[in-house]
$ cat input-v1.cif   # mmCIF, C-alpha atoms
data_work
#
loop_
_atom_site.label_atom_id
_atom_site.label_comp_id
_atom_site.auth_asym_id
_atom_site.auth_seq_id
_atom_site.Cartn_x
_atom_site.Cartn_y
_atom_site.Cartn_z
CA MET O 1 27.43 6.70 -15.09
CA GLY O 2 30.18 8.25 -17.23
CA LEU O 3 32.78 5.63 -16.44
CA GLY O 4 30.40 2.74 -17.04
CA PHE O 5 29.34 4.23 -20.34
CA ILE O 6 32.98 4.63 -21.51
CA ILE O 7 33.77 1.06 -20.48
CA GLY O 8 30.76 -0.08 -22.48
CA VAL O 9 31.89 1.81 -25.56
CA PHE O 10 35.38 0.31 -25.24
CA GLY O 11 33.88 -3.16 -24.87
CA VAL O 12 31.85 -2.77 -28.07
CA LEU O 13 34.92 -1.43 -29.90
CA PHE O 14 36.98 -4.42 -28.75
CA LEU O 15 34.31 -6.80 -30.01
CA PHE O 16 34.15 -5.11 -33.39
CA HIS O 17 37.94 -5.09 -33.64
CA ALA O 18 38.08 -8.80 -32.77
CA ALA O 19 35.49 -9.54 -35.46
CA TYR O 20 37.41 -7.51 -38.04
CA SER O 21 40.67 -9.24 -37.11
CA THR O 22 39.07 -12.65 -37.48
CA ILE O 23 37.72 -11.78 -40.92
CA GLN O 24 41.14 -10.51 -41.99
CA TYR O 25 42.79 -13.67 -40.61
CA ARG O 26 40.38 -15.84 -42.61
CA GLY O 27 41.17 -13.85 -45.74
CA LEU O 28 44.87 -14.35 -45.10
CA LEU O 29 44.37 -18.09 -44.62
CA LYS O 30 42.37 -18.28 -47.87
CA ILE O 31 45.29 -16.69 -49.70
CA MET O 32 47.70 -19.19 -48.13
CA GLU O 33 45.16 -21.99 -48.79
CA GLU O 34 45.15 -23.30 -45.25
CA GLU O 35 42.22 -24.41 -43.15
CA PHE O 36 40.56 -22.03 -40.78
CA SER O 37 40.54 -23.82 -37.44
CA GLY O 38 39.91 -20.87 -35.16
CA PRO O 39 40.96 -17.31 -34.62
CA PRO O 40 44.44 -16.71 -33.17
CA MET O 41 45.01 -16.58 -29.42
CA ASN O 42 45.23 -12.81 -29.05
CA VAL O 43 41.93 -12.34 -30.88
CA VAL O 44 40.27 -14.75 -28.45
CA LEU O 45 41.80 -12.79 -25.56
CA GLU O 46 40.50 -9.53 -27.02
CA LEU O 47 37.07 -11.12 -27.44
CA LEU O 48 36.97 -12.15 -23.77
CA LEU O 49 38.11 -8.70 -22.68
CA GLY O 50 35.44 -7.01 -24.77
CA PHE O 51 32.84 -9.39 -23.30
CA VAL O 52 33.87 -8.59 -19.72
CA PHE O 53 33.78 -4.84 -20.44
CA CYS O 54 30.32 -5.02 -22.05
CA VAL O 55 28.84 -7.08 -19.23
CA SER O 56 30.24 -4.80 -16.50
CA ALA O 57 28.92 -1.74 -18.32
CA ALA O 58 25.48 -3.36 -18.70
CA LEU O 59 25.36 -4.01 -14.95
CA THR O 60 26.57 -0.60 -13.78
CA VAL O 61 25.03 1.88 -16.23
CA PRO O 62 21.26 1.32 -15.65
CA GLY O 63 21.57 2.04 -11.91
CA ASN O 64 20.42 0.22 -8.77
CA PHE O 65 18.58 -3.06 -9.11
CA LEU O 66 15.17 -3.35 -7.47
CA SER O 67 14.73 -5.97 -4.78
CA ILE O 68 12.58 -9.00 -5.62
CA HIS O 69 12.35 -10.59 -2.17
CA PRO O 70 8.80 -10.17 -0.86
CA ASP O 71 10.11 -9.80 2.66
CA SER O 72 12.87 -7.28 2.02
CA GLU O 73 12.54 -3.89 3.65
CA GLU O 74 11.44 -2.13 0.46
CA ASN O 75 8.86 -4.67 -0.57
CA ARG O 76 7.45 -5.72 2.79
CA ILE O 77 3.96 -4.28 3.07
CA VAL O 78 3.49 -2.96 6.58
CA SER O 79 0.08 -1.38 6.34
CA LEU O 80 -2.66 -1.08 3.78
CA PRO O 81 -3.71 2.36 2.48
CA ALA O 82 -6.34 4.06 4.59
CA ASN O 83 -9.17 3.69 2.04
CA LEU O 84 -9.64 7.40 1.63
CA ASP O 85 -12.42 7.03 -0.93
CA PHE O 86 -14.72 5.78 1.84
CA MET O 87 -13.59 8.32 4.41
CA ILE O 88 -16.41 9.61 6.60
CA PHE O 89 -16.33 12.87 8.52
CA ASN O 90 -18.89 11.89 11.12
CA HIS O 91 -16.33 11.06 13.79
CA ARG O 92 -15.25 12.25 17.22
CA ALA O 93 -13.14 15.11 15.89
CA LYS O 94 -16.33 17.17 15.93
CA ALA O 95 -16.13 17.27 19.71
CA LEU O 96 -12.38 17.83 19.89
CA PRO O 97 -11.53 21.37 18.79
CA LEU O 98 -8.27 21.88 16.99
CA GLU O 99 -5.81 23.88 19.09
CA ILE O 100 -4.63 26.11 16.30
CA ASP O 101 -7.44 28.04 14.72
CA MET O 102 -6.03 28.75 11.30
CA LYS O 103 -7.68 30.38 8.36
CA LEU O 104 -6.82 30.65 4.70
CA LYS O 105 -5.45 34.14 4.34
CA HIS O 106 -6.68 35.58 1.07
CA MET W 1 0.43 -0.22 0.15
CA VAL W 2 2.96 1.14 2.55
CA SER W 3 6.24 -0.74 2.60
CA LYS W 4 8.66 -0.75 5.53
CA THR W 5 11.18 1.69 4.02
CA GLU W 6 8.36 4.06 3.07
CA GLU W 7 6.99 3.88 6.61
CA THR W 8 10.36 4.74 8.16
CA GLN W 9 10.76 7.54 5.61
CA LEU W 10 7.33 8.92 6.49
CA ASN W 11 8.02 8.78 10.22
CA SER W 12 11.41 10.45 9.91
CA LEU W 13 9.98 13.21 7.69
CA GLU W 14 7.14 13.69 10.16
CA ASN W 15 9.62 14.02 13.05
CA GLN W 16 11.68 16.45 11.04
CA VAL W 17 8.72 18.65 10.16
CA ASP W 18 7.33 18.49 13.70
CA ASN W 19 10.62 19.70 15.15
CA GLY W 20 10.76 22.61 12.76
CA GLY W 21 13.31 21.22 10.35
CA GLY W 22 11.51 22.08 7.12
CA GLY W 23 10.67 19.59 4.39
CA ALA W 24 6.91 20.13 4.70
CA TRP W 25 6.30 19.88 0.95
CA GLU W 26 8.11 16.51 0.70
CA TYR W 27 6.07 15.28 3.68
CA LEU W 28 2.82 16.34 2.01
CA CYS W 29 3.82 14.68 -1.27
CA LEU W 30 4.70 11.45 0.56
CA VAL W 31 1.40 11.47 2.45
CA ARG W 32 -0.44 11.93 -0.84
CA LYS W 33 1.50 9.13 -2.54
CA LEU W 34 1.08 6.62 0.30
CA LYS W 35 -2.58 7.58 0.86
CA VAL W 36 -2.31 7.69 4.63
CA ARG W 37 -4.72 9.66 6.73
CA ARG W 38 -2.73 12.25 8.69
CA SER W 39 -5.25 15.01 8.47
CA ASP W 40 -4.15 17.16 11.41
CA LYS W 41 -0.54 17.43 10.24
CA VAL W 42 -1.52 17.87 6.57
CA PHE W 43 -3.90 20.63 7.61
CA LYS W 44 -1.34 22.44 9.76
CA TYR W 45 1.62 22.31 7.40
CA GLY W 46 -0.36 22.58 4.17
CA LEU W 47 -2.16 25.67 5.40
CA SER W 48 1.12 27.27 6.48
CA ILE W 49 2.50 26.72 2.96
CA LEU W 50 -0.65 28.10 1.34
CA ASN W 51 -0.70 31.18 3.56
CA ASP W 52 2.85 32.10 2.57
CA PRO W 53 2.67 33.70 -0.92
CA LYS W 54 6.34 33.03 -1.64
CA LYS W 55 6.12 29.32 -0.92
CA ARG W 56 2.82 29.13 -2.78
CA SER W 57 4.26 30.55 -5.98
CA ALA W 58 7.26 28.21 -5.67
CA LEU W 59 4.90 25.25 -6.07
CA GLY W 60 3.74 26.14 -9.56
CA PRO W 61 0.91 23.98 -10.93
CA GLU W 62 1.03 21.67 -7.91
CA GLU W 63 -0.58 24.45 -5.90
CA TRP W 64 -4.07 23.24 -6.85
CA THR W 65 -3.39 19.66 -5.73
CA LEU W 66 -2.28 21.13 -2.41
CA TYR W 67 -5.52 23.12 -2.17
CA GLU W 68 -7.50 19.92 -2.69
CA GLN W 69 -5.40 18.01 -0.14
CA VAL W 70 -5.77 20.76 2.47
CA ALA W 71 -9.51 21.03 1.79
CA ILE W 72 -10.03 17.32 2.51
CA ALA W 73 -7.79 17.49 5.61
CA ALA W 74 -9.76 20.50 6.86
CA LEU W 75 -12.98 18.51 6.46
CA ASP W 76 -11.45 15.76 8.57
CA CYS W 77 -10.41 18.28 11.25
CA GLN W 78 -13.83 19.95 11.13
CA CYS W 79 -12.54 23.38 10.05
CA LEU W 80 -15.27 23.89 7.48
CA ASP W 81 -14.48 27.56 6.82
CA VAL W 82 -11.06 26.69 5.51
CA THR W 83 -12.61 24.09 3.24
CA LYS W 84 -15.11 26.62 1.94
CA ASP W 85 -12.33 29.10 1.14
CA CYS W 86 -10.22 26.44 -0.59
CA ILE W 87 -13.19 25.32 -2.68
CA LYS W 88 -13.88 28.93 -3.65
CA VAL W 89 -10.30 29.37 -4.86
CA LEU W 90 -10.42 26.08 -6.79
CA GLN W 91 -13.79 26.98 -8.33
CA LYS W 92 -12.41 30.28 -9.56
CA LYS W 93 -9.56 28.48 -11.27
CA PHE W 94 -11.47 25.43 -12.58
CA PRO W 95 -15.10 26.54 -13.04
CA GLU W 96 -16.72 23.42 -14.50
CA SER W 97 -14.67 20.80 -12.72
CA LYS W 98 -16.10 17.48 -11.46
CA ARG W 99 -13.41 17.25 -8.76
CA VAL W 100 -14.49 20.56 -7.28
CA GLY W 101 -18.12 19.41 -7.45
CA ARG W 102 -17.10 16.33 -5.51
CA LEU W 103 -15.36 18.50 -2.90
CA ASN W 104 -18.58 20.48 -2.58
CA GLY W 105 -20.50 17.29 -1.98
CA MET W 106 -18.00 16.23 0.70
CA LEU W 107 -18.38 19.63 2.39
CA LEU W 108 -22.16 19.15 2.53
CA GLU W 109 -21.58 15.67 3.95
CA ALA W 110 -19.30 17.00 6.68
CA LYS W 111 -21.83 19.69 7.56
CA GLY W 112 -24.43 16.99 8.02
CA SER W 113 -26.83 18.07 5.27
CA TRP W 114 -27.24 14.58 3.86
CA ALA W 115 -30.14 15.34 1.50
CA GLU W 116 -28.31 18.18 -0.22
CA ALA W 117 -25.16 16.10 -0.53
CA GLU W 118 -27.20 13.27 -2.07
CA LYS W 119 -28.68 15.78 -4.54
CA ALA W 120 -25.21 17.06 -5.44
CA TYR W 121 -23.88 13.55 -6.00
CA SER W 122 -26.86 12.46 -8.12
CA SER W 123 -26.50 15.52 -10.34
CA LEU W 124 -22.81 14.67 -10.81
CA LEU W 125 -23.78 11.08 -11.59
CA GLU W 126 -26.24 12.24 -14.25
CA ASP W 127 -23.40 13.66 -16.30
CA ASN W 128 -21.29 10.55 -15.88
CA SER W 129 -23.07 7.52 -14.47
CA LEU W 130 -19.87 5.47 -14.21
CA ASP W 131 -17.91 7.77 -11.93
CA GLN W 132 -16.32 5.39 -9.43
CA VAL W 133 -15.46 7.93 -6.75
CA ILE W 134 -18.99 9.38 -6.58
CA HIS W 135 -20.46 5.90 -6.13
CA LYS W 136 -18.02 5.30 -3.30
CA ARG W 137 -18.91 8.62 -1.68
CA ARG W 138 -22.58 7.59 -1.68
CA VAL W 139 -21.65 4.37 0.11
CA ALA W 140 -19.61 6.38 2.64
CA MET W 141 -22.57 8.69 3.17
CA ALA W 142 -24.91 5.78 3.87
CA LYS W 143 -22.36 4.41 6.33
CA ALA W 144 -21.97 7.79 8.05
CA GLN W 145 -25.71 8.11 8.51
CA GLY W 146 -25.69 4.75 10.26
CA ASN W 147 -27.67 3.06 7.49
CA ILE W 148 -25.37 0.05 7.16
CA SER W 149 -27.77 -2.17 5.23
CA GLU W 150 -28.15 0.45 2.54
CA ALA W 151 -24.39 0.87 2.46
CA ILE W 152 -24.01 -2.87 1.90
CA GLU W 153 -26.62 -2.81 -0.85
CA LEU W 154 -24.99 0.14 -2.63
CA LEU W 155 -21.56 -1.41 -2.28
CA ASN W 156 -22.75 -4.74 -3.68
CA LYS W 157 -24.30 -2.97 -6.67
CA TYR W 158 -21.06 -1.04 -7.17
CA LEU W 159 -19.01 -4.24 -7.03
CA GLU W 160 -21.22 -5.88 -9.65
CA ILE W 161 -20.03 -3.25 -12.10
CA PHE W 162 -16.49 -2.67 -10.86
CA MET W 163 -15.38 -6.10 -9.72
CA ALA W 164 -11.68 -5.29 -9.69
CA ASP W 165 -11.81 -2.53 -7.10
CA HIS W 166 -9.78 -3.82 -4.16
CA ASP W 167 -10.59 -0.95 -1.84
CA ALA W 168 -14.30 -1.61 -2.23
CA TRP W 169 -13.88 -5.30 -1.47
CA ARG W 170 -11.87 -4.43 1.60
CA GLU W 171 -14.50 -1.93 2.74
CA LEU W 172 -17.25 -4.52 2.26
CA ALA W 173 -15.24 -7.06 4.28
CA ASP W 174 -14.82 -4.48 7.08
CA ILE W 175 -18.55 -3.76 7.13
CA TYR W 176 -19.41 -7.48 7.26
CA VAL W 177 -16.95 -8.06 10.09
CA SER W 178 -18.48 -5.16 12.03
CA LEU W 179 -21.88 -6.82 11.63
CA GLN W 180 -20.40 -10.23 12.56
CA MET W 181 -21.42 -11.72 9.18
CA TYR W 182 -18.16 -13.65 9.01
CA LYS W 183 -19.01 -15.98 6.14
CA GLN W 184 -19.62 -13.05 3.80
CA ALA W 185 -16.50 -11.33 5.07
CA ALA W 186 -14.52 -14.50 4.33
CA PHE W 187 -15.86 -14.40 0.76
CA CYS W 188 -14.67 -10.81 0.33
CA TYR W 189 -11.22 -11.66 1.65
CA GLU W 190 -11.06 -14.63 -0.72
CA GLU W 191 -11.70 -12.24 -3.62
CA LEU W 192 -8.91 -10.00 -2.37
CA ILE W 193 -6.46 -12.88 -2.01
CA LEU W 194 -7.34 -14.11 -5.51
CA SER W 195 -6.59 -10.76 -7.09
CA GLN W 196 -3.54 -9.84 -4.99
CA PRO W 197 -2.00 -13.05 -3.67
CA THR W 198 1.28 -11.48 -2.58
CA VAL W 199 -0.14 -9.07 -0.01
CA PRO W 200 0.35 -10.83 3.34
CA LEU W 201 -2.10 -8.60 5.21
CA TYR W 202 -5.04 -10.07 3.31
CA HIS W 203 -3.93 -13.59 4.25
CA LEU W 204 -3.71 -12.46 7.86
CA ALA W 205 -7.18 -10.91 7.87
CA TYR W 206 -8.67 -13.97 6.17
CA ALA W 207 -7.05 -16.25 8.74
CA ASP W 208 -8.44 -14.05 11.54
CA VAL W 209 -11.97 -14.32 10.13
CA LEU W 210 -11.68 -18.10 9.70
CA TYR W 211 -10.38 -18.49 13.25
CA THR W 212 -13.33 -16.46 14.52
CA LEU W 213 -15.77 -18.64 12.59
CA GLY W 214 -14.40 -21.74 14.31
CA GLY W 215 -14.97 -25.38 13.48
CA LEU W 216 -12.24 -27.88 12.71
CA GLU W 217 -11.90 -27.24 8.97
CA ASN W 218 -11.89 -23.47 9.35
CA LEU W 219 -9.25 -23.72 12.06
CA GLN W 220 -7.03 -25.88 9.88
CA THR W 221 -7.38 -23.51 6.92
CA ALA W 222 -6.71 -20.55 9.23
CA LYS W 223 -3.51 -22.20 10.40
CA LYS W 224 -2.42 -22.61 6.76
CA TYR W 225 -3.06 -18.94 6.04
CA TYR W 226 -1.18 -17.81 9.14
CA ALA W 227 1.70 -19.94 7.90
CA SER W 228 1.53 -18.34 4.45
CA THR W 229 1.61 -14.90 6.09
CA ILE W 230 4.80 -15.86 7.90
CA ASP W 231 6.18 -17.10 4.60
CA LEU W 232 5.37 -13.89 2.72
CA THR W 233 6.64 -11.52 5.39
CA GLY W 234 9.81 -13.49 6.14
CA GLY W 235 8.77 -13.94 9.75
CA LYS W 236 8.67 -10.22 10.51
CA ASN W 237 4.95 -10.10 11.26
CA THR W 238 4.23 -10.60 14.97
CA ARG W 239 0.55 -11.51 14.71
CA ALA W 240 0.93 -14.60 12.53
CA PRO W 241 2.96 -16.74 14.99
CA PHE W 242 0.40 -15.89 17.67
CA GLY W 243 -2.28 -17.06 15.26
CA ILE W 244 -0.51 -20.36 14.72
CA CYS W 245 -0.18 -21.02 18.45
CA LEU W 246 -3.85 -20.20 19.06
CA CYS W 247 -5.02 -22.30 16.08
CA THR W 248 -3.00 -25.33 17.19
CA SER W 249 -4.38 -25.20 20.72
CA ALA W 250 -7.93 -24.63 19.41
CA ILE W 251 -7.62 -27.60 17.02
CA ALA W 252 -6.30 -29.74 19.87
CA GLN W 253 -9.30 -28.72 21.98
CA VAL W 254 -11.87 -29.34 19.24
CA SER W 255 -10.49 -32.74 18.26
CA LYS W 256 -9.90 -33.87 21.84
CA GLY W 257 -12.99 -36.00 22.05
CA ARG W 258 -12.80 -37.25 18.49
CA ASN W 259 -10.03 -39.78 18.80
CA ARG W 260 -8.62 -39.12 15.37
CA GLU W 261 -5.08 -39.87 14.40
CA ASP W 262 -2.95 -37.00 15.44
CA LYS W 263 -1.67 -35.81 12.09
CA GLU W 264 -0.77 -32.43 13.48
CA SER W 265 2.88 -32.38 14.42
CA PRO W 266 3.55 -30.08 17.35
CA GLU W 267 6.68 -28.73 15.68
CA LEU W 268 4.95 -25.78 14.04
CA GLN W 269 3.58 -24.51 17.33
CA SER W 270 6.90 -24.84 19.15
CA LEU W 271 8.72 -23.15 16.27
CA ALA W 272 6.24 -20.28 16.28
CA ALA W 273 6.58 -19.95 20.05
CA THR W 274 10.38 -19.86 19.82
CA ALA W 275 10.23 -17.23 17.08
CA LEU W 276 7.88 -15.10 19.19
CA GLU W 277 10.12 -15.34 22.25
CA LYS W 278 13.15 -14.31 20.24
CA ASP W 279 11.26 -11.37 18.77
CA TYR W 280 10.02 -10.19 22.17
CA LYS W 281 13.46 -10.55 23.73
CA GLN W 282 14.81 -8.27 21.04
CA ARG W 283 12.09 -5.63 20.96
CA ALA W 284 10.11 -5.66 24.22
CA ALA W 285 12.15 -7.55 26.80
CA ASP W 286 10.04 -6.36 29.72
CA LYS W 287 6.97 -8.11 28.30
CA LEU W 288 8.72 -11.44 27.83
CA GLY W 289 7.34 -12.80 31.12
CA LEU W 290 3.76 -12.15 29.99
CA LEU W 291 4.45 -13.91 26.70
CA THR W 292 5.95 -17.05 28.24
CA SER W 293 3.10 -17.46 30.71
CA ALA W 294 0.51 -17.00 27.92
CA LEU W 295 2.24 -19.53 25.67
CA ARG W 296 2.53 -22.03 28.51
CA SER W 297 -1.20 -21.81 29.23
CA MET W 298 -1.92 -22.46 25.53
CA LYS W 299 0.12 -25.64 25.35
CA PHE W 300 -1.30 -27.43 28.43
#
$ encode --input "input-v1.cif" --output "structure tokens"
Amino acid sequence: MGLGFIIGVFGVLFLFHAAYSTIQYRGLLKIMEEEFSGPPMNVVLELLLGFVFCVSAALTVPGNFLSIHPDSEENRIVSLPANLDFMIFNHRAKALPLEIDMKLKH
Amino acid sequence: MVSKTEETQLNSLENQVDNGGGGAWEYLCLVRKLKVRRSDKVFKYGLSILNDPKKRSALGPEEWTLYEQVAIAALDCQCLDVTKDCIKVLQKKFPESKRVGRLNGMLLEAKGSWAEAEKAYSSLLEDNSLDQVIHKRRVAMAKAQGNISEAIELLNKYLEIFMADHDAWRELADIYVSLQMYKQAAFCYEELILSQPTVPLYHLAYADVLYTLGGLENLQTAKKYYASTIDLTGGKNTRAPFGICLCTSAIAQVSKGRNREDKESPELQSLAATALEKDYKQRAADKLGLLTSALRSMKF
């Protein structure tokens, strides 16, 4: 969790730095009165790096994904609950004594 | 709803606790969460925790839930003295509680004093006429006394008010099947499938009821629902392929004299049979001979 979090923070910082660099580059181009075609190559590289870091952090930090397949082992319903609200006590256990005769001690 | 991983977890915990490996409290919590009925083990291990003052104080506020769980398990194992003691302890702690009143009613039910239990439940219902669990206990009481028609009536009245209660629909379907009123049972299963379409066990039960009803249309619909069960469980349910084989042979028998165009392709039956054989070879190889002879007699 710690490593993913740090990677996420770095990713966000890279994105902010890339944005700041692009704004500065545009300002510089305005001074030199040239057209702004796109940010320079290293800013684009930094942008991609920040993107990769953010996405990997977003996938690792929240933890394990839940399965969505209805037939996977965690989702496959094997038996229904025993309907305990309608449980009746009028069954054969009355004739079968329990071997251990335990009492509540207090 | 018990999923496969939860079932294996429950079984391994049960083995562990049975062989003296500890973990009784986790086992009891899992039983409570999955709502399974393992009353003898809950009674044994829950009572051993409650009788040990150190372990009891380690539970904190969950102690009272354990008292309730052990009380109900003791009722199921017919140790009514233990239930009486547990209820006394709970009453001392929570004097005006409805839950304890309900436990009292269940104790009277287990003792067999139906009139007094009915009185207890009606007095609880006077304070709160929309208490779902008390209504369900009255249905259970009617069923336990053998008065199935009254149980059906009470359950129908309950379902008119609380239409979304799946357990009640399932109980009503069970009662209808036990009385062989299959059309009404099919209606109940349809309600269940409508509200929870992704639970394959409802599809399976509905297909079983339709197959029992018989008739060409019902058999064809049953085959479709067996197929949807296979779809939803990824082929891991053993009963559904059997259902498909039986439905196909029953349809072939019913429409033998009718000379209709044979729209039914035999592929589904042969696929189901192959899947069954593979499953048996993997899990119960000694019974494979029985299976192949049964399937052969179905195909004629």
$ atom_distance --input "input-v1.cif" --atom1 "CA of Arg102 (chain W)" --atom2 "CA of Asn51 (chain W)"
23.9 Å
$ interface_residues --input "input-v1.cif" --of "chain O" --to "chain W" --cutoff "12 Å" --atoms "all atoms listed in the file" --output "JSON, numbers by chain"
{"O": [68, 69, 70, 71, 72, 73, 74, 75, 76, 77, 78, 79, 80, 81, 82, 83, 84, 85, 86, 87, 88, 89, 90, 91, 92, 93, 94, 95, 96, 97, 98, 99, 100, 101, 102, 103, 104, 105, 106]}
$ atom_distance --input "input-v1.cif" --atom1 "CA of Gln9 (chain W)" --atom2 "CA of Trp25 (chain W)"
13.9 Å
$ residues_around --input "input-v1.cif" --residues "Ala240 (chain W)" --least-positions-apart "3" --cutoff "8 Å" --atoms "all atoms listed in the file" --output "PDB file with C-alpha atoms, in the frame of the given file"
ATOM      1  CA  LEU W 204      -3.710 -12.460   7.860  1.00  0.00           C
ATOM      2  CA  TYR W 226      -1.180 -17.810   9.140  1.00  0.00           C
ATOM      3  CA  ALA W 227       1.700 -19.940   7.900  1.00  0.00           C
ATOM      4  CA  THR W 229       1.610 -14.900   6.090  1.00  0.00           C
ATOM      5  CA  ILE W 230       4.800 -15.860   7.900  1.00  0.00           C
ATOM      6  CA  ASN W 237       4.950 -10.100  11.260  1.00  0.00           C
ATOM      7  CA  GLY W 243      -2.280 -17.060  15.260  1.00  0.00           C
ATOM      8  CA  ILE W 244      -0.510 -20.360  14.720  1.00  0.00           C
TER       9      ILE W 244
END
$ atom_distance --input "input-v1.cif" --atom1 "CA of Thr221 (chain W)" --atom2 "CA of Arg296 (chain W)"
23.8 Å
$ residues_around --input "input-v1.cif" --residues "Glu46 (chain O)" --least-positions-apart "5" --cutoff "8 Å" --atoms "all atoms listed in the file" --output "list in words"
Phe14, Leu15 and Ala18 of chain O
$ write_last_selection --input "input-v1.cif" --atoms "C-alpha atoms" --output "PDB file, keeping the file's coordinate frame"
ATOM      1  CA  PHE O  14      36.980  -4.420 -28.750  1.00  0.00           C
ATOM      2  CA  LEU O  15      34.310  -6.800 -30.010  1.00  0.00           C
ATOM      3  CA  ALA O  18      38.080  -8.800 -32.770  1.00  0.00           C
TER       4      ALA O  18
END
